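Remarks on the structure that follows.
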Amino acid sequence: MSFPKHTIITGGSSGIGYAVAERLIRRGERVSLIARDLVKLQQARDGLLALGATPQSISIVAADVIDQRRLDEAVAECEESGGVASALIASAGIVCPQFFDQQPADDFDRQITTNLLGVANSVRAVYGPMRRRGYGRIMMVSSGAAFVGIPGYAAYCASKAALRAFASSLRLEAKPAGVRVSICFPPDTETPQLQAELPHRPQAARLFMGQAKPWPVDKVAERILAGFDAGRDEVNFGLLLHVLARTSPALEPLLQSLYLWRTAKATDTNLTDGS
């Protein structure tokens, strides 16, 4: 099956969403980008035009995924410009690392609202028409953080894990109607969001996560599109995330025990050193 002619991408002004848009434009597809910041959207459009895209192949609309009414209007505007959308890539998301007892409730809630409800809103904006037409494809961008809890990332992990359950449930409803629902679980990826996040990443999270090098954003985008084209239900990245995707209930207690042992050892070393 060829890739849909018109793909709507939420969170498409930068990062993974924009990298996917670049590849679709190179394939001659039509894309519509939805994000909150109009200036960044205009910069994204200029970047796609520089790749050789025609103005008719790109639509940009400013909307926040947590605002269902505005998001519905944005999708309608995209379809008025680019035709019926037969694919959605829901990549809008935020991350605010901080220990739970130190994090303001608003920051915690905002991650849940954007990463879970924002994706659900994005899906809701296209799903009904897809069912009525009998075809369509949806890709939700989750995270490798969906598979294990990470200290300092309680809200983020919870929101991304919930997306997996949402996708799994919706897939059973959607497939008989001709709509395919997929989800992907990228690792740390070289994006502006990661650069903004890293200075706030707690040392405990670094200890738990190790020193894995972030993936280049173009490689993540290629893997997402390859999985989308192949009709995979889930798209994973790297050996560890492949293993965690299939065995996380068994492996997570071991990872937690290893982390707690490392933490205790580091504490003992500091006490011995007098630091």
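Each chain in the structure tokens gets a letter, A, B and so on, in the order shown; residues start at 1 in every chain, and ligands are counted from 1 in the order they appear.
For segment 151-154 of chain A, the non-local neighbours within 6 Å, defined as residues at least 5 positions apart in the same chain or in other chains and counting only C-alpha atoms, are Pro97, Gln98, Phe99 and Ala205 of chain A.
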With a distance cut-off of 12 Å and only C-alpha atoms, select the neighbouring residues of Ala245 of chain A, excluding the residue or stretch itself and same-chain residues fewer than 2 positions from it, and output the selection as a ChimeraX atom specification.
/A:143-148,161,164,183-186,234-243,247-252
As a VMD selection string, list the residues of segment 27-115 of chain A assigned to alpha helix (DSSP H) by DSSP on the backbone atoms of this structure.
chain A and resid 38 to 50 68 to 82 105 to 112
Between A:Ser169, A:Thr10, A:Thr263, A:Gln203, which one has atoms that come closest to Val65 of chain A, using only C-alpha atoms?
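Nearest to Val65 of chain A: A:Thr10.
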Do you have, as a Markdown table, the list of residues of segment 17-65 of chain A lying at most 12 Å from segment 106-125 of chain A, each with its nearest atom pair and that distance in Å to one decimal, counting only C-alpha atoms and ordered by chain then number?
| residue | atom | partner | partner_atom | distance |
| --- | --- | --- | --- | --- |
| A:Ile34 | CA | A:Ser122 | CA | 9.9 |
| A:Ala35 | CA | A:Ser122 | CA | 11.3 |
| A:Arg36 | CA | A:Thr114 | CA | 11.7 |
| A:Ala63 | CA | A:Ser122 | CA | 10.7 |
| A:Asp64 | CA | A:Gly118 | CA | 8.2 |
| A:Val65 | CA | A:Gly118 | CA | 4.7 |
Using backbone DSSP assignments, extract all strand (DSSP E) residues from segment 72-147 of chain A; output them as a count of residues only.
10
Contact check, segment 81-164 of chain A to segment 174-180 of chain A, at most 8 Å, counting only C-alpha atoms, closest pairs as a tab-separated table:
residue	atom	partner	partner_atom	distance
A:Met130	CA	A:Val179	CA	6.7
A:Arg131	CA	A:Ala177	CA	5.6
A:Gly134	CA	A:Gly178	CA	4.9
A:Tyr135	CA	A:Gly178	CA	4.7
A:Gly136	CA	A:Val179	CA	4.7
A:Arg137	CA	A:Arg180	CA	4.8
A:Ile138	CA	A:Arg180	CA	6.2
Those selected residues, please, written with all heavy atoms and delivered as an mmCIF file, in the first residue's frame.
data_model
loop_
_atom_site.group_PDB
_atom_site.id
_atom_site.type_symbol
_atom_site.label_atom_id
_atom_site.label_comp_id
_atom_site.auth_asym_id
_atom_site.auth_seq_id
_atom_site.Cartn_x
_atom_site.Cartn_y
_atom_site.Cartn_z
ATOM 1 N N MET A 130 -12.661 8.927 8.973
ATOM 2 C CA MET A 130 -11.927 7.754 8.476
ATOM 3 C C MET A 130 -12.803 6.506 8.549
ATOM 4 O O MET A 130 -12.846 5.705 7.600
ATOM 5 C CB MET A 130 -10.646 7.543 9.290
ATOM 6 C CG MET A 130 -9.533 8.516 8.981
ATOM 7 S SD MET A 130 -8.051 8.152 9.972
ATOM 8 C CE MET A 130 -6.895 9.356 9.316
ATOM 9 N N ARG A 131 -13.496 6.322 9.641
ATOM 10 C CA ARG A 131 -14.385 5.161 9.768
ATOM 11 C C ARG A 131 -15.483 5.193 8.704
ATOM 12 O O ARG A 131 -15.801 4.158 8.101
ATOM 13 C CB ARG A 131 -15.022 5.129 11.158
ATOM 14 C CG ARG A 131 -14.134 4.610 12.261
ATOM 15 C CD ARG A 131 -14.924 4.462 13.557
ATOM 16 N NE ARG A 131 -15.990 3.485 13.405
ATOM 17 C CZ ARG A 131 -15.884 2.197 13.738
ATOM 18 N NH1 ARG A 131 -14.748 1.731 14.235
ATOM 19 N NH2 ARG A 131 -16.905 1.378 13.585
ATOM 20 N N GLY A 134 -14.065 4.255 5.472
ATOM 21 C CA GLY A 134 -13.597 2.876 5.437
ATOM 22 C C GLY A 134 -12.107 2.737 5.226
ATOM 23 O O GLY A 134 -11.619 1.652 4.910
ATOM 24 N N TYR A 135 -11.356 3.816 5.418
ATOM 25 C CA TYR A 135 -9.897 3.706 5.331
ATOM 26 C C TYR A 135 -9.269 4.874 6.085
ATOM 27 O O TYR A 135 -9.886 5.912 6.316
ATOM 28 C CB TYR A 135 -9.407 3.707 3.883
ATOM 29 C CG TYR A 135 -9.593 5.030 3.153
ATOM 30 C CD1 TYR A 135 -8.587 6.004 3.153
ATOM 31 C CD2 TYR A 135 -10.766 5.303 2.467
ATOM 32 C CE1 TYR A 135 -8.757 7.206 2.500
ATOM 33 C CE2 TYR A 135 -10.943 6.502 1.798
ATOM 34 C CZ TYR A 135 -9.937 7.443 1.812
ATOM 35 O OH TYR A 135 -10.112 8.637 1.165
ATOM 36 N N GLY A 136 -8.014 4.681 6.473
ATOM 37 C CA GLY A 136 -7.247 5.702 7.164
ATOM 38 C C GLY A 136 -6.183 5.061 8.024
ATOM 39 O O GLY A 136 -6.288 3.881 8.382
ATOM 40 N N ARG A 137 -5.163 5.835 8.320
ATOM 41 C CA ARG A 137 -4.086 5.324 9.165
ATOM 42 C C ARG A 137 -3.700 6.369 10.198
ATOM 43 O O ARG A 137 -3.662 7.568 9.909
ATOM 44 C CB ARG A 137 -2.876 4.924 8.322
ATOM 45 C CG ARG A 137 -3.119 3.632 7.553
ATOM 46 C CD ARG A 137 -1.830 3.091 6.994
ATOM 47 N NE ARG A 137 -1.375 3.895 5.859
ATOM 48 C CZ ARG A 137 -0.208 3.685 5.241
ATOM 49 N NH1 ARG A 137 0.600 2.742 5.668
ATOM 50 N NH2 ARG A 137 0.133 4.421 4.209
ATOM 51 N N ILE A 138 -3.394 5.895 11.379
ATOM 52 C CA ILE A 138 -3.051 6.747 12.509
ATOM 53 C C ILE A 138 -1.769 6.220 13.141
ATOM 54 O O ILE A 138 -1.651 5.026 13.414
ATOM 55 C CB ILE A 138 -4.187 6.756 13.553
ATOM 56 C CG1 ILE A 138 -5.443 7.424 12.970
ATOM 57 C CG2 ILE A 138 -3.751 7.450 14.834
ATOM 58 C CD1 ILE A 138 -6.695 7.201 13.798
#
Which distance in Å separates atom CA of Tyr259 of chain A and atom CA of Arg246 of chain A, to one decimal?
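Atom-to-atom, atom CA of Tyr259 of chain A and atom CA of Arg246 of chain A are spaced 20.7 Å apart.
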Of the candidates A:Gly227, A:Val126, A:Gly210, A:Phe100, which one gets nearest to Leu71 of chain A if we count only C-alpha atoms?
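Nearest to Leu71 of chain A: A:Val126.
For Val217 of chain A, the set of protein, DNA and RNA residues having any atom at most 6 Å away, when counting only C-alpha atoms and skipping those fewer than 3 positions along the same chain, is Thr189, Glu190 and Val220 of chain A.
The two atoms in question, atom CA of Ala162 of chain A and atom CA of Gly149 of chain A, are spaced 12.4 Å apart.
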Which value, in Å to one decimal, gives the distance between atom CA of Val31 of chain A and atom CA of Ala165 of chain A?
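Interatomic distance, atom CA of Val31 of chain A to atom CA of Ala165 of chain A: 27.5 Å.
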Sorted by chain and rising residue number, which residues of segment 86-160 of chain A lie within 12 Å of segment 12-20 of chain A, and what are their closest atom pairs and distances in Å to one decimal, counting only C-alpha atoms, as a Markdown table?
| residue | atom | partner | partner_atom | distance |
| --- | --- | --- | --- | --- |
| A:Leu88 | CA | A:Gly17 | CA | 10.8 |
| A:Ile89 | CA | A:Gly17 | CA | 7.6 |
| A:Ala90 | CA | A:Gly17 | CA | 8.1 |
| A:Ser91 | CA | A:Gly17 | CA | 5.7 |
| A:Ala92 | CA | A:Gly12 | CA | 7.4 |
| A:Gly93 | CA | A:Gly17 | CA | 10.3 |
| A:Ile94 | CA | A:Gly15 | CA | 11.5 |
| A:Met139 | CA | A:Gly17 | CA | 11.1 |
| A:Met140 | CA | A:Gly17 | CA | 10.8 |
| A:Val141 | CA | A:Ile16 | CA | 8.9 |
| A:Ser142 | CA | A:Ile16 | CA | 11.3 |
| A:Ser143 | CA | A:Ile16 | CA | 11.6 |
Could the residues in this selection be written to a file with C-alpha atoms, as a PDB file, in the first residue's frame?
ATOM      1  CA  LEU A  88      -2.522  11.288  11.014  1.00  0.00           C
ATOM      2  CA  ILE A  89       0.801  11.340  12.811  1.00  0.00           C
ATOM      3  CA  ALA A  90       0.175  12.529  16.365  1.00  0.00           C
ATOM      4  CA  SER A  91       3.568  13.686  17.574  1.00  0.00           C
ATOM      5  CA  ALA A  92       2.770  16.677  19.792  1.00  0.00           C
ATOM      6  CA  GLY A  93       4.147  16.169  23.280  1.00  0.00           C
ATOM      7  CA  ILE A  94       6.008  17.789  26.156  1.00  0.00           C
ATOM      8  CA  MET A 139       0.411   6.774  14.082  1.00  0.00           C
ATOM      9  CA  MET A 140       0.776   7.857  17.706  1.00  0.00           C
ATOM     10  CA  VAL A 141       4.229   8.915  18.864  1.00  0.00           C
ATOM     11  CA  SER A 142       4.828   7.569  22.358  1.00  0.00           C
ATOM     12  CA  SER A 143       8.284   6.984  23.897  1.00  0.00           C
TER      13      SER A 143
END
Extract, using only C-alpha atoms, all DNA, RNA and protein residues at most 9 Å from Leu33 of chain A, discarding same-chain residues fewer than 6 positions from it, and format them as a PDB file with all heavy atoms, in the first residue's frame.
ATOM      1  N   THR A   7      -1.195  13.823   4.689  1.00  0.00           N
ATOM      2  CA  THR A   7      -0.949  13.435   6.073  1.00  0.00           C
ATOM      3  C   THR A   7      -0.967  14.669   6.960  1.00  0.00           C
ATOM      4  O   THR A   7      -0.270  15.646   6.686  1.00  0.00           O
ATOM      5  CB  THR A   7       0.418  12.741   6.211  1.00  0.00           C
ATOM      6  OG1 THR A   7       0.446  11.590   5.376  1.00  0.00           O
ATOM      7  CG2 THR A   7       0.674  12.326   7.651  1.00  0.00           C
ATOM      8  N   ILE A   8      -1.746  14.616   8.010  1.00  0.00           N
ATOM      9  CA  ILE A   8      -1.755  15.663   9.024  1.00  0.00           C
ATOM     10  C   ILE A   8      -0.803  15.264  10.138  1.00  0.00           C
ATOM     11  O   ILE A   8      -0.831  14.133  10.619  1.00  0.00           O
ATOM     12  CB  ILE A   8      -3.168  15.890   9.576  1.00  0.00           C
ATOM     13  CG1 ILE A   8      -4.078  16.482   8.493  1.00  0.00           C
ATOM     14  CG2 ILE A   8      -3.142  16.804  10.791  1.00  0.00           C
ATOM     15  CD1 ILE A   8      -5.514  16.692   8.930  1.00  0.00           C
ATOM     16  N   ILE A   9       0.056  16.201  10.544  1.00  0.00           N
ATOM     17  CA  ILE A   9       1.049  15.940  11.583  1.00  0.00           C
ATOM     18  C   ILE A   9       0.861  16.964  12.695  1.00  0.00           C
ATOM     19  O   ILE A   9       1.076  18.161  12.482  1.00  0.00           O
ATOM     20  CB  ILE A   9       2.488  16.021  11.042  1.00  0.00           C
ATOM     21  CG1 ILE A   9       2.672  15.084   9.842  1.00  0.00           C
ATOM     22  CG2 ILE A   9       3.493  15.688  12.142  1.00  0.00           C
ATOM     23  CD1 ILE A   9       4.029  15.216   9.166  1.00  0.00           C
ATOM     24  N   THR A  10       0.444  16.512  13.873  1.00  0.00           N
ATOM     25  CA  THR A  10       0.400  17.409  15.018  1.00  0.00           C
ATOM     26  C   THR A  10       1.785  17.437  15.669  1.00  0.00           C
ATOM     27  O   THR A  10       2.491  16.433  15.681  1.00  0.00           O
ATOM     28  CB  THR A  10      -0.661  16.979  16.037  1.00  0.00           C
ATOM     29  OG1 THR A  10      -0.355  15.663  16.518  1.00  0.00           O
ATOM     30  CG2 THR A  10      -2.045  16.987  15.408  1.00  0.00           C
ATOM     31  N   GLY A  11       2.157  18.590  16.189  1.00  0.00           N
ATOM     32  CA  GLY A  11       3.523  18.744  16.667  1.00  0.00           C
ATOM     33  C   GLY A  11       4.496  18.743  15.502  1.00  0.00           C
ATOM     34  O   GLY A  11       5.640  18.311  15.639  1.00  0.00           O
ATOM     35  N   GLY A  12       4.055  19.260  14.354  1.00  0.00           N
ATOM     36  CA  GLY A  12       4.838  19.139  13.136  1.00  0.00           C
ATOM     37  C   GLY A  12       5.798  20.271  12.852  1.00  0.00           C
ATOM     38  O   GLY A  12       6.467  20.257  11.819  1.00  0.00           O
ATOM     39  N   SER A  13       5.915  21.241  13.756  1.00  0.00           N
ATOM     40  CA  SER A  13       6.766  22.389  13.467  1.00  0.00           C
ATOM     41  C   SER A  13       8.239  22.134  13.762  1.00  0.00           C
ATOM     42  O   SER A  13       9.101  22.908  13.336  1.00  0.00           O
ATOM     43  CB  SER A  13       6.293  23.617  14.262  1.00  0.00           C
ATOM     44  OG  SER A  13       6.386  23.387  15.653  1.00  0.00           O
ATOM     45  N   GLY A  17       8.152  15.255  14.364  1.00  0.00           N
ATOM     46  CA  GLY A  17       7.075  15.565  13.439  1.00  0.00           C
ATOM     47  C   GLY A  17       7.568  16.249  12.182  1.00  0.00           C
ATOM     48  O   GLY A  17       7.172  15.905  11.064  1.00  0.00           O
ATOM     49  N   TYR A  18       8.456  17.210  12.348  1.00  0.00           N
ATOM     50  CA  TYR A  18       8.993  17.922  11.188  1.00  0.00           C
ATOM     51  C   TYR A  18       9.883  17.007  10.344  1.00  0.00           C
ATOM     52  O   TYR A  18       9.835  17.054   9.106  1.00  0.00           O
ATOM     53  CB  TYR A  18       9.783  19.150  11.627  1.00  0.00           C
ATOM     54  CG  TYR A  18      10.412  19.885  10.469  1.00  0.00           C
ATOM     55  CD1 TYR A  18       9.636  20.641   9.596  1.00  0.00           C
ATOM     56  CD2 TYR A  18      11.774  19.791  10.224  1.00  0.00           C
ATOM     57  CE1 TYR A  18      10.198  21.296   8.516  1.00  0.00           C
ATOM     58  CE2 TYR A  18      12.351  20.446   9.138  1.00  0.00           C
ATOM     59  CZ  TYR A  18      11.567  21.203   8.303  1.00  0.00           C
ATOM     60  OH  TYR A  18      12.126  21.844   7.218  1.00  0.00           O
ATOM     61  N   ALA A  21       7.735  15.031   8.205  1.00  0.00           N
ATOM     62  CA  ALA A  21       7.209  15.869   7.126  1.00  0.00           C
ATOM     63  C   ALA A  21       8.223  16.027   6.003  1.00  0.00           C
ATOM     64  O   ALA A  21       7.862  15.991   4.815  1.00  0.00           O
ATOM     65  CB  ALA A  21       6.808  17.236   7.674  1.00  0.00           C
ATOM     66  N   LEU A  41       5.802  27.357  12.854  1.00  0.00           N
ATOM     67  CA  LEU A  41       5.141  26.713  11.710  1.00  0.00           C
ATOM     68  C   LEU A  41       5.577  27.365  10.402  1.00  0.00           C
ATOM     69  O   LEU A  41       5.830  26.672   9.406  1.00  0.00           O
ATOM     70  CB  LEU A  41       3.623  26.801  11.862  1.00  0.00           C
ATOM     71  CG  LEU A  41       2.981  25.808  12.828  1.00  0.00           C
ATOM     72  CD1 LEU A  41       1.539  26.203  13.105  1.00  0.00           C
ATOM     73  CD2 LEU A  41       3.042  24.386  12.277  1.00  0.00           C
ATOM     74  N   ALA A  44       8.943  26.187   9.612  1.00  0.00           N
ATOM     75  CA  ALA A  44       8.894  24.811   9.113  1.00  0.00           C
ATOM     76  C   ALA A  44       8.462  24.780   7.655  1.00  0.00           C
ATOM     77  O   ALA A  44       9.033  24.043   6.836  1.00  0.00           O
ATOM     78  CB  ALA A  44       7.941  23.989   9.969  1.00  0.00           C
ATOM     79  N   ARG A  45       7.453  25.576   7.312  1.00  0.00           N
ATOM     80  CA  ARG A  45       7.010  25.631   5.916  1.00  0.00           C
ATOM     81  C   ARG A  45       8.133  26.118   5.012  1.00  0.00           C
ATOM     82  O   ARG A  45       8.354  25.552   3.923  1.00  0.00           O
ATOM     83  CB  ARG A  45       5.795  26.549   5.782  1.00  0.00           C
ATOM     84  CG  ARG A  45       5.298  26.697   4.341  1.00  0.00           C
ATOM     85  CD  ARG A  45       4.048  27.541   4.259  1.00  0.00           C
ATOM     86  NE  ARG A  45       4.287  28.883   4.803  1.00  0.00           N
ATOM     87  CZ  ARG A  45       3.315  29.766   5.031  1.00  0.00           C
ATOM     88  NH1 ARG A  45       2.059  29.471   4.772  1.00  0.00           N
ATOM     89  NH2 ARG A  45       3.615  30.955   5.530  1.00  0.00           N
ATOM     90  N   ILE A  58       1.751  22.031   1.043  1.00  0.00           N
ATOM     91  CA  ILE A  58       1.977  22.258   2.468  1.00  0.00           C
ATOM     92  C   ILE A  58       0.889  23.160   3.030  1.00  0.00           C
ATOM     93  O   ILE A  58       0.574  24.203   2.457  1.00  0.00           O
ATOM     94  CB  ILE A  58       3.340  22.931   2.719  1.00  0.00           C
ATOM     95  CG1 ILE A  58       4.471  22.162   2.058  1.00  0.00           C
ATOM     96  CG2 ILE A  58       3.592  23.052   4.225  1.00  0.00           C
ATOM     97  CD1 ILE A  58       5.767  22.944   2.019  1.00  0.00           C
ATOM     98  N   SER A  59       0.325  22.749   4.152  1.00  0.00           N
ATOM     99  CA  SER A  59      -0.583  23.601   4.914  1.00  0.00           C
ATOM    100  C   SER A  59      -0.064  23.710   6.332  1.00  0.00           C
ATOM    101  O   SER A  59       0.479  22.743   6.878  1.00  0.00           O
ATOM    102  CB  SER A  59      -2.002  23.021   4.940  1.00  0.00           C
ATOM    103  OG  SER A  59      -2.539  22.914   3.643  1.00  0.00           O
ATOM    104  N   ILE A  60      -0.207  24.881   6.926  1.00  0.00           N
ATOM    105  CA  ILE A  60       0.143  25.062   8.331  1.00  0.00           C
ATOM    106  C   ILE A  60      -1.028  25.738   9.032  1.00  0.00           C
ATOM    107  O   ILE A  60      -1.647  26.654   8.493  1.00  0.00           O
ATOM    108  CB  ILE A  60       1.429  25.891   8.526  1.00  0.00           C
ATOM    109  CG1 ILE A  60       1.294  27.282   7.892  1.00  0.00           C
ATOM    110  CG2 ILE A  60       2.633  25.148   7.949  1.00  0.00           C
ATOM    111  CD1 ILE A  60       2.432  28.217   8.262  1.00  0.00           C
ATOM    112  N   VAL A  61      -1.341  25.257  10.225  1.00  0.00           N
ATOM    113  CA  VAL A  61      -2.420  25.837  11.017  1.00  0.00           C
ATOM    114  C   VAL A  61      -1.993  25.818  12.480  1.00  0.00           C
ATOM    115  O   VAL A  61      -1.545  24.788  12.987  1.00  0.00           O
ATOM    116  CB  VAL A  61      -3.744  25.065  10.858  1.00  0.00           C
ATOM    117  CG1 VAL A  61      -4.849  25.765  11.641  1.00  0.00           C
ATOM    118  CG2 VAL A  61      -4.142  24.942   9.397  1.00  0.00           C
ATOM    119  N   ALA A  62      -2.136  26.950  13.154  1.00  0.00           N
ATOM    120  CA  ALA A  62      -1.794  27.033  14.568  1.00  0.00           C
ATOM    121  C   ALA A  62      -2.964  26.567  15.424  1.00  0.00           C
ATOM    122  O   ALA A  62      -4.091  27.048  15.273  1.00  0.00           O
ATOM    123  CB  ALA A  62      -1.411  28.462  14.936  1.00  0.00           C
ATOM    124  N   CYS A  78      -7.039  22.276   7.248  1.00  0.00           N
ATOM    125  CA  CYS A  78      -6.036  21.478   6.534  1.00  0.00           C
ATOM    126  C   CYS A  78      -6.678  20.707   5.385  1.00  0.00           C
ATOM    127  O   CYS A  78      -6.122  20.642   4.278  1.00  0.00           O
ATOM    128  CB  CYS A  78      -5.355  20.505   7.489  1.00  0.00           C
ATOM    129  SG  CYS A  78      -4.307  21.276   8.743  1.00  0.00           S
TER     130      CYS A  78
END
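Proximity of A:Thr54, A:Lys40, A:Ala155, A:Gly83 to Pro104 of chain A, computed with only C-alpha atoms, is greatest for A:Ala155.
Compared by their closest atoms to Asp229 of chain A, and using only C-alpha atoms, the residues A:Asp188, A:Ser182, A:Leu194, A:Glu79 rank with A:Ser182 nearest.
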